[in-house]
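Pasting query11.csv here (CSV, N, CA and C atoms):
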```
chain,number,residue,atom,x,y,z
H,1,MET,N,58.3,-22.8,147.4
H,1,MET,CA,57.0,-23.5,147.1
H,1,MET,C,57.2,-24.8,146.4
H,2,ARG,N,58.2,-24.8,145.5
H,2,ARG,CA,58.5,-26.0,144.8
H,2,ARG,C,59.0,-27.1,145.7
H,3,GLN,N,59.8,-26.7,146.7
H,3,GLN,CA,60.3,-27.7,147.6
H,3,GLN,C,59.2,-28.3,148.5
H,4,LEU,N,58.3,-27.5,148.9
H,4,LEU,CA,57.1,-28.0,149.7
H,4,LEU,C,56.3,-29.0,148.8
H,5,ALA,N,56.1,-28.6,147.6
H,5,ALA,CA,55.3,-29.5,146.7
H,5,ALA,C,56.0,-30.9,146.6
H,6,ALA,N,57.4,-30.8,146.4
H,6,ALA,CA,58.2,-32.0,146.3
H,6,ALA,C,58.1,-32.9,147.5
H,7,VAL,N,58.1,-32.2,148.7
H,7,VAL,CA,58.1,-33.0,150.0
H,7,VAL,C,56.7,-33.6,150.1
H,8,ILE,N,55.6,-32.9,149.8
H,8,ILE,CA,54.3,-33.4,149.9
H,8,ILE,C,54.1,-34.6,148.9
H,9,LEU,N,54.6,-34.5,147.7
H,9,LEU,CA,54.5,-35.6,146.7
H,9,LEU,C,55.3,-36.8,147.2
H,10,GLN,N,56.5,-36.6,147.8
H,10,GLN,CA,57.3,-37.7,148.3
H,10,GLN,C,56.6,-38.4,149.4
H,11,VAL,N,56.0,-37.7,150.4
H,11,VAL,CA,55.3,-38.3,151.5
H,11,VAL,C,54.1,-39.1,151.0
H,12,PHE,N,53.3,-38.5,150.1
H,12,PHE,CA,52.2,-39.1,149.5
H,12,PHE,C,52.6,-40.4,148.8
H,13,SER,N,53.6,-40.3,148.0
H,13,SER,CA,54.1,-41.5,147.2
H,13,SER,C,54.5,-42.6,148.2
H,14,PHE,N,55.2,-42.3,149.2
H,14,PHE,CA,55.6,-43.3,150.2
H,14,PHE,C,54.5,-43.9,150.9
H,15,SER,N,53.4,-43.2,151.3
H,15,SER,CA,52.3,-43.7,152.0
H,15,SER,C,51.5,-44.6,151.1
H,16,VAL,N,51.4,-44.3,149.8
H,16,VAL,CA,50.7,-45.1,148.8
H,16,VAL,C,51.5,-46.4,148.6
H,17,ALA,N,52.8,-46.3,148.4
H,17,ALA,CA,53.6,-47.4,148.1
H,17,ALA,C,53.6,-48.4,149.3
H,18,ALA,N,53.5,-47.8,150.5
H,18,ALA,CA,53.5,-48.7,151.7
H,18,ALA,C,52.2,-49.5,151.8
H,19,ALA,N,51.1,-48.9,151.3
H,19,ALA,CA,49.8,-49.6,151.4
H,19,ALA,C,49.7,-50.7,150.3
H,20,ILE,N,50.4,-50.6,149.3
H,20,ILE,CA,50.1,-51.5,148.1
H,20,ILE,C,50.5,-53.0,148.4
H,21,PRO,N,51.6,-53.3,149.0
H,21,PRO,CA,51.9,-54.8,149.2
H,21,PRO,C,50.9,-55.6,149.9
H,22,SER,N,50.2,-55.1,150.9
H,22,SER,CA,49.2,-55.9,151.6
H,22,SER,C,48.0,-56.1,150.7
H,23,GLN,N,47.8,-55.4,149.6
H,23,GLN,CA,46.7,-55.6,148.7
H,23,GLN,C,47.0,-56.4,147.5
H,24,CYS,N,48.3,-56.8,147.4
H,24,CYS,CA,48.7,-57.5,146.2
H,24,CYS,C,48.7,-59.0,146.4
H,25,ILE,N,48.3,-59.7,145.3
H,25,ILE,CA,48.3,-61.1,145.3
H,25,ILE,C,49.6,-61.5,144.5
H,26,GLU,N,50.5,-62.2,145.2
H,26,GLU,CA,51.7,-62.6,144.5
H,26,GLU,C,52.2,-64.0,144.9
H,27,ASP,N,53.0,-64.6,144.1
H,27,ASP,CA,53.5,-65.9,144.4
H,27,ASP,C,54.7,-65.7,145.3
H,28,PRO,N,54.7,-66.3,146.5
H,28,PRO,CA,55.8,-66.1,147.4
H,28,PRO,C,57.1,-66.7,146.9
H,29,LYS,N,57.0,-67.6,145.9
H,29,LYS,CA,58.2,-68.2,145.4
H,29,LYS,C,59.0,-67.3,144.4
H,30,ARG,N,58.3,-66.2,143.9
H,30,ARG,CA,59.0,-65.3,142.9
H,30,ARG,C,60.1,-64.6,143.6
H,31,GLN,N,61.3,-64.6,142.9
H,31,GLN,CA,62.5,-64.0,143.5
H,31,GLN,C,62.8,-62.6,142.9
H,32,ILE,N,62.2,-62.3,141.7
H,32,ILE,CA,62.5,-61.0,141.0
H,32,ILE,C,61.2,-60.2,141.0
H,33,PRO,N,61.4,-58.8,140.9
H,33,PRO,CA,60.2,-58.0,140.9
H,33,PRO,C,59.3,-58.3,139.7
H,34,CYS,N,58.1,-58.1,139.8
H,34,CYS,CA,57.1,-58.3,138.8
H,34,CYS,C,57.3,-57.3,137.7
H,35,GLU,N,57.3,-57.7,136.4
H,35,GLU,CA,57.5,-56.8,135.3
H,35,GLU,C,56.1,-56.2,134.8
H,36,ASN,N,55.1,-56.8,135.2
H,36,ASN,CA,53.7,-56.5,134.7
H,36,ASN,C,52.7,-56.5,135.9
H,37,LEU,N,52.9,-55.6,136.8
H,37,LEU,CA,51.9,-55.5,138.0
H,37,LEU,C,50.6,-54.9,137.5
H,38,ILE,N,49.5,-55.5,137.7
H,38,ILE,CA,48.2,-55.0,137.3
H,38,ILE,C,47.4,-54.7,138.5
H,39,PHE,N,46.8,-53.5,138.4
H,39,PHE,CA,45.9,-53.0,139.4
H,39,PHE,C,44.5,-53.0,138.9
H,40,LYS,N,43.5,-53.5,139.7
H,40,LYS,CA,42.1,-53.5,139.3
H,40,LYS,C,41.3,-53.1,140.5
H,41,SER,N,40.2,-52.4,140.3
H,41,SER,CA,39.3,-52.0,141.3
H,41,SER,C,38.1,-52.9,141.2
H,42,ILE,N,37.6,-53.5,142.3
H,42,ILE,CA,36.4,-54.3,142.2
H,42,ILE,C,35.4,-53.9,143.3
H,43,LEU,N,34.2,-54.2,143.0
H,43,LEU,CA,33.1,-53.9,144.0
H,43,LEU,C,32.7,-55.2,144.6
H,44,LYS,N,32.9,-55.3,145.9
H,44,LYS,CA,32.6,-56.5,146.7
H,44,LYS,C,31.9,-56.1,148.0
H,45,ASP,N,30.7,-56.6,148.2
H,45,ASP,CA,29.9,-56.3,149.4
H,45,ASP,C,29.7,-54.8,149.5
H,46,ASN,N,29.4,-54.2,148.4
H,46,ASN,CA,29.1,-52.7,148.4
H,46,ASN,C,30.3,-51.9,148.8
H,47,LYS,N,31.5,-52.4,148.7
H,47,LYS,CA,32.8,-51.7,149.0
H,47,LYS,C,33.7,-51.8,147.8
H,48,THR,N,34.4,-50.8,147.5
H,48,THR,CA,35.4,-50.8,146.4
H,48,THR,C,36.7,-51.3,147.0
H,49,LYS,N,37.3,-52.2,146.3
H,49,LYS,CA,38.6,-52.8,146.8
H,49,LYS,C,39.6,-52.8,145.7
H,50,LEU,N,40.8,-52.4,146.0
H,50,LEU,CA,41.9,-52.3,145.1
H,50,LEU,C,42.6,-53.6,145.2
H,51,ILE,N,42.8,-54.3,144.1
H,51,ILE,CA,43.5,-55.6,144.0
H,51,ILE,C,44.7,-55.4,143.0
H,52,CYS,N,45.8,-55.9,143.3
H,52,CYS,CA,46.9,-55.9,142.4
H,52,CYS,C,47.5,-57.3,142.3
H,53,PHE,N,48.0,-57.6,141.1
H,53,PHE,CA,48.5,-59.0,141.0
H,53,PHE,C,49.6,-58.9,139.8
H,54,CYS,N,50.4,-59.9,139.9
H,54,CYS,CA,51.4,-60.1,138.8
H,54,CYS,C,50.9,-61.3,138.0
H,55,LYS,N,50.4,-61.0,136.8
H,55,LYS,CA,49.8,-62.0,136.0
H,55,LYS,C,50.7,-63.2,135.8
H,56,SER,N,52.0,-63.0,135.6
H,56,SER,CA,52.9,-64.1,135.3
H,56,SER,C,53.1,-65.0,136.5
H,57,ASP,N,52.7,-64.6,137.7
H,57,ASP,CA,52.7,-65.5,138.9
H,57,ASP,C,51.7,-66.6,138.8
H,58,PHE,N,50.7,-66.4,138.0
H,58,PHE,CA,49.6,-67.3,137.9
H,58,PHE,C,49.5,-68.0,136.5
H,59,LYS,N,50.5,-67.9,135.7
H,59,LYS,CA,50.4,-68.5,134.4
H,59,LYS,C,50.2,-70.0,134.4
H,60,GLU,N,50.7,-70.7,135.4
H,60,GLU,CA,50.5,-72.1,135.5
H,60,GLU,C,49.0,-72.5,135.8
H,61,LEU,N,48.2,-71.5,136.3
H,61,LEU,CA,46.8,-71.8,136.5
H,61,LEU,C,46.0,-71.8,135.2
H,62,PHE,N,46.6,-71.3,134.2
H,62,PHE,CA,45.9,-71.2,132.9
H,62,PHE,C,46.4,-72.3,131.9
H,63,ILE,N,47.3,-73.2,132.4
H,63,ILE,CA,47.8,-74.3,131.5
H,63,ILE,C,47.1,-75.6,132.0
H,64,THR,N,46.7,-76.4,131.0
H,64,THR,CA,46.1,-77.7,131.3
H,64,THR,C,47.1,-78.6,132.0
H,65,PRO,N,46.7,-79.1,133.1
H,65,PRO,CA,47.7,-79.9,133.9
H,65,PRO,C,48.0,-81.2,133.1
H,66,ALA,N,49.3,-81.6,133.2
H,66,ALA,CA,49.8,-82.7,132.4
H,66,ALA,C,49.4,-84.0,133.1
H,67,ASP,N,49.2,-84.0,134.4
H,67,ASP,CA,48.9,-85.3,135.1
H,67,ASP,C,48.0,-85.0,136.3
H,68,GLU,N,47.6,-86.0,137.0
H,68,GLU,CA,46.7,-85.8,138.1
H,68,GLU,C,47.4,-85.0,139.3
H,69,THR,N,48.7,-85.2,139.5
H,69,THR,CA,49.4,-84.5,140.5
H,69,THR,C,49.3,-83.0,140.3
H,70,GLU,N,49.6,-82.6,139.0
H,70,GLU,CA,49.6,-81.2,138.7
H,70,GLU,C,48.1,-80.6,138.8
H,71,ALA,N,47.1,-81.5,138.4
H,71,ALA,CA,45.7,-81.0,138.5
H,71,ALA,C,45.4,-80.8,140.0
H,72,VAL,N,45.8,-81.6,140.9
H,72,VAL,CA,45.6,-81.4,142.3
H,72,VAL,C,46.2,-80.2,142.8
H,73,LEU,N,47.5,-80.0,142.5
H,73,LEU,CA,48.3,-78.8,142.9
H,73,LEU,C,47.6,-77.5,142.3
H,74,GLN,N,47.1,-77.6,141.1
H,74,GLN,CA,46.5,-76.4,140.5
H,74,GLN,C,45.2,-76.1,141.3
H,75,LYS,N,44.4,-77.1,141.6
H,75,LYS,CA,43.2,-76.9,142.3
H,75,LYS,C,43.4,-76.3,143.7
H,76,MET,N,44.5,-76.8,144.4
H,76,MET,CA,44.9,-76.3,145.7
H,76,MET,C,45.2,-74.8,145.6
H,77,LYS,N,46.0,-74.5,144.6
H,77,LYS,CA,46.4,-73.1,144.4
H,77,LYS,C,45.2,-72.2,144.2
H,78,TRP,N,44.2,-72.7,143.4
H,78,TRP,CA,43.0,-71.9,143.1
H,78,TRP,C,42.2,-71.7,144.5
H,79,ARG,N,42.1,-72.7,145.2
H,79,ARG,CA,41.4,-72.6,146.5
H,79,ARG,C,42.1,-71.6,147.5
H,80,GLU,N,43.4,-71.6,147.5
H,80,GLU,CA,44.2,-70.7,148.3
H,80,GLU,C,43.9,-69.3,147.9
H,81,ILE,N,43.9,-69.0,146.6
H,81,ILE,CA,43.6,-67.7,146.1
H,81,ILE,C,42.1,-67.3,146.4
H,82,GLU,N,41.2,-68.2,146.1
H,82,GLU,CA,39.8,-67.9,146.4
H,82,GLU,C,39.6,-67.6,147.9
H,83,SER,N,40.2,-68.3,148.8
H,83,SER,CA,40.1,-68.1,150.2
H,83,SER,C,40.7,-66.7,150.6
H,84,SER,N,41.9,-66.4,150.1
H,84,SER,CA,42.5,-65.2,150.5
H,84,SER,C,41.7,-63.9,150.0
H,85,LEU,N,41.0,-64.1,148.8
H,85,LEU,CA,40.3,-62.9,148.3
H,85,LEU,C,38.8,-62.9,148.7
H,86,GLY,N,38.3,-64.1,149.1
H,86,GLY,CA,36.9,-64.2,149.3
H,86,GLY,C,36.1,-64.1,148.0
H,87,MET,N,36.7,-64.6,147.0
H,87,MET,CA,36.0,-64.5,145.7
H,87,MET,C,36.0,-65.9,145.0
H,88,SER,N,35.1,-66.1,144.1
H,88,SER,CA,35.0,-67.4,143.4
H,88,SER,C,36.1,-67.4,142.3
H,89,LYS,N,36.3,-68.6,141.8
H,89,LYS,CA,37.3,-68.8,140.7
H,89,LYS,C,36.8,-68.0,139.5
H,90,GLU,N,35.5,-68.0,139.2
H,90,GLU,CA,35.0,-67.2,138.1
H,90,GLU,C,35.2,-65.7,138.2
H,91,GLU,N,35.0,-65.2,139.4
H,91,GLU,CA,35.2,-63.8,139.7
H,91,GLU,C,36.7,-63.4,139.5
H,92,ILE,N,37.6,-64.3,140.0
H,92,ILE,CA,39.0,-64.1,139.8
H,92,ILE,C,39.4,-64.1,138.4
H,93,LEU,N,38.9,-65.1,137.6
H,93,LEU,CA,39.2,-65.1,136.2
H,93,LEU,C,38.8,-63.9,135.5
H,94,ALA,N,37.6,-63.4,135.8
H,94,ALA,CA,37.1,-62.1,135.2
H,94,ALA,C,38.0,-61.0,135.6
H,95,LEU,N,38.5,-61.0,136.8
H,95,LEU,CA,39.4,-59.9,137.2
H,95,LEU,C,40.8,-60.0,136.5
H,96,MET,N,41.3,-61.2,136.2
H,96,MET,CA,42.6,-61.3,135.6
H,96,MET,C,42.5,-61.2,134.1
H,97,ASN,N,41.4,-61.2,133.5
H,97,ASN,CA,41.3,-61.1,132.0
H,97,ASN,C,40.9,-59.7,131.6
```
Taking this structure as input, can you express it in the form of structure tokens?
Amino acid sequence: MRQLAAVILQVFSFSVAAAIPSQCIEDPKRQIPCENLIFKSILKDNKTKLICFCKSDFKELFITPADETEAVLQKMKWREIESSLGMSKEEILALMN
């Protein structure tokens, strides 16, 4: 009985782990695993959606740009995230805080 429970748990864990990456927002430039992966559930269009993200991937979005080039790059990154999630910047900020 214990072995059956272990097999079921292992199969369930694998299927959940396999589903997670497609729902995660991450910086493609990051080379190491995220140390602080955050999972949040949101209600969008009357559907619950699971979002996960590595907050450290987006730390540069919370820093005041030093010059116009950085400001433009920051704005482009925000638009990319907004587009991929179908959410506004304000909704994303609420999610990340």
Need to verify the contact set: Cys24 of chain H, 6 Å, only C-alpha atoms, exclusion of same-chain residues closer than 4 positions in sequence. Can you return it as an MDAnalysis selection string?
chainID H and resid 51:53
If I take atom CA of Leu73 of chain H and atom N of Lys49 of chain H, how far is one from the other in Å, to one decimal?
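Rounded to one decimal, the two atoms are 29.0 Å apart.
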Have a look at atom CA of Leu37 of chain H and atom N of Ile81 of chain H and let me know their distance in Å, one decimal.
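Separating atom CA of Leu37 of chain H from atom N of Ile81 of chain H is a distance of 17.9 Å.
Nearest residue to Lys40 of chain H, choosing from H:Lys89, H:Lys59, H:Gln74, H:Met96 and counting only C-alpha atoms: H:Met96.
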Around the point (37.0, -68.6, 145.6), in the coordinates given by the file, pick out the residues reaching within 8 Å, counting only N, CA and C atoms, and return them as a ChimeraX atom specification.
/H:78-92
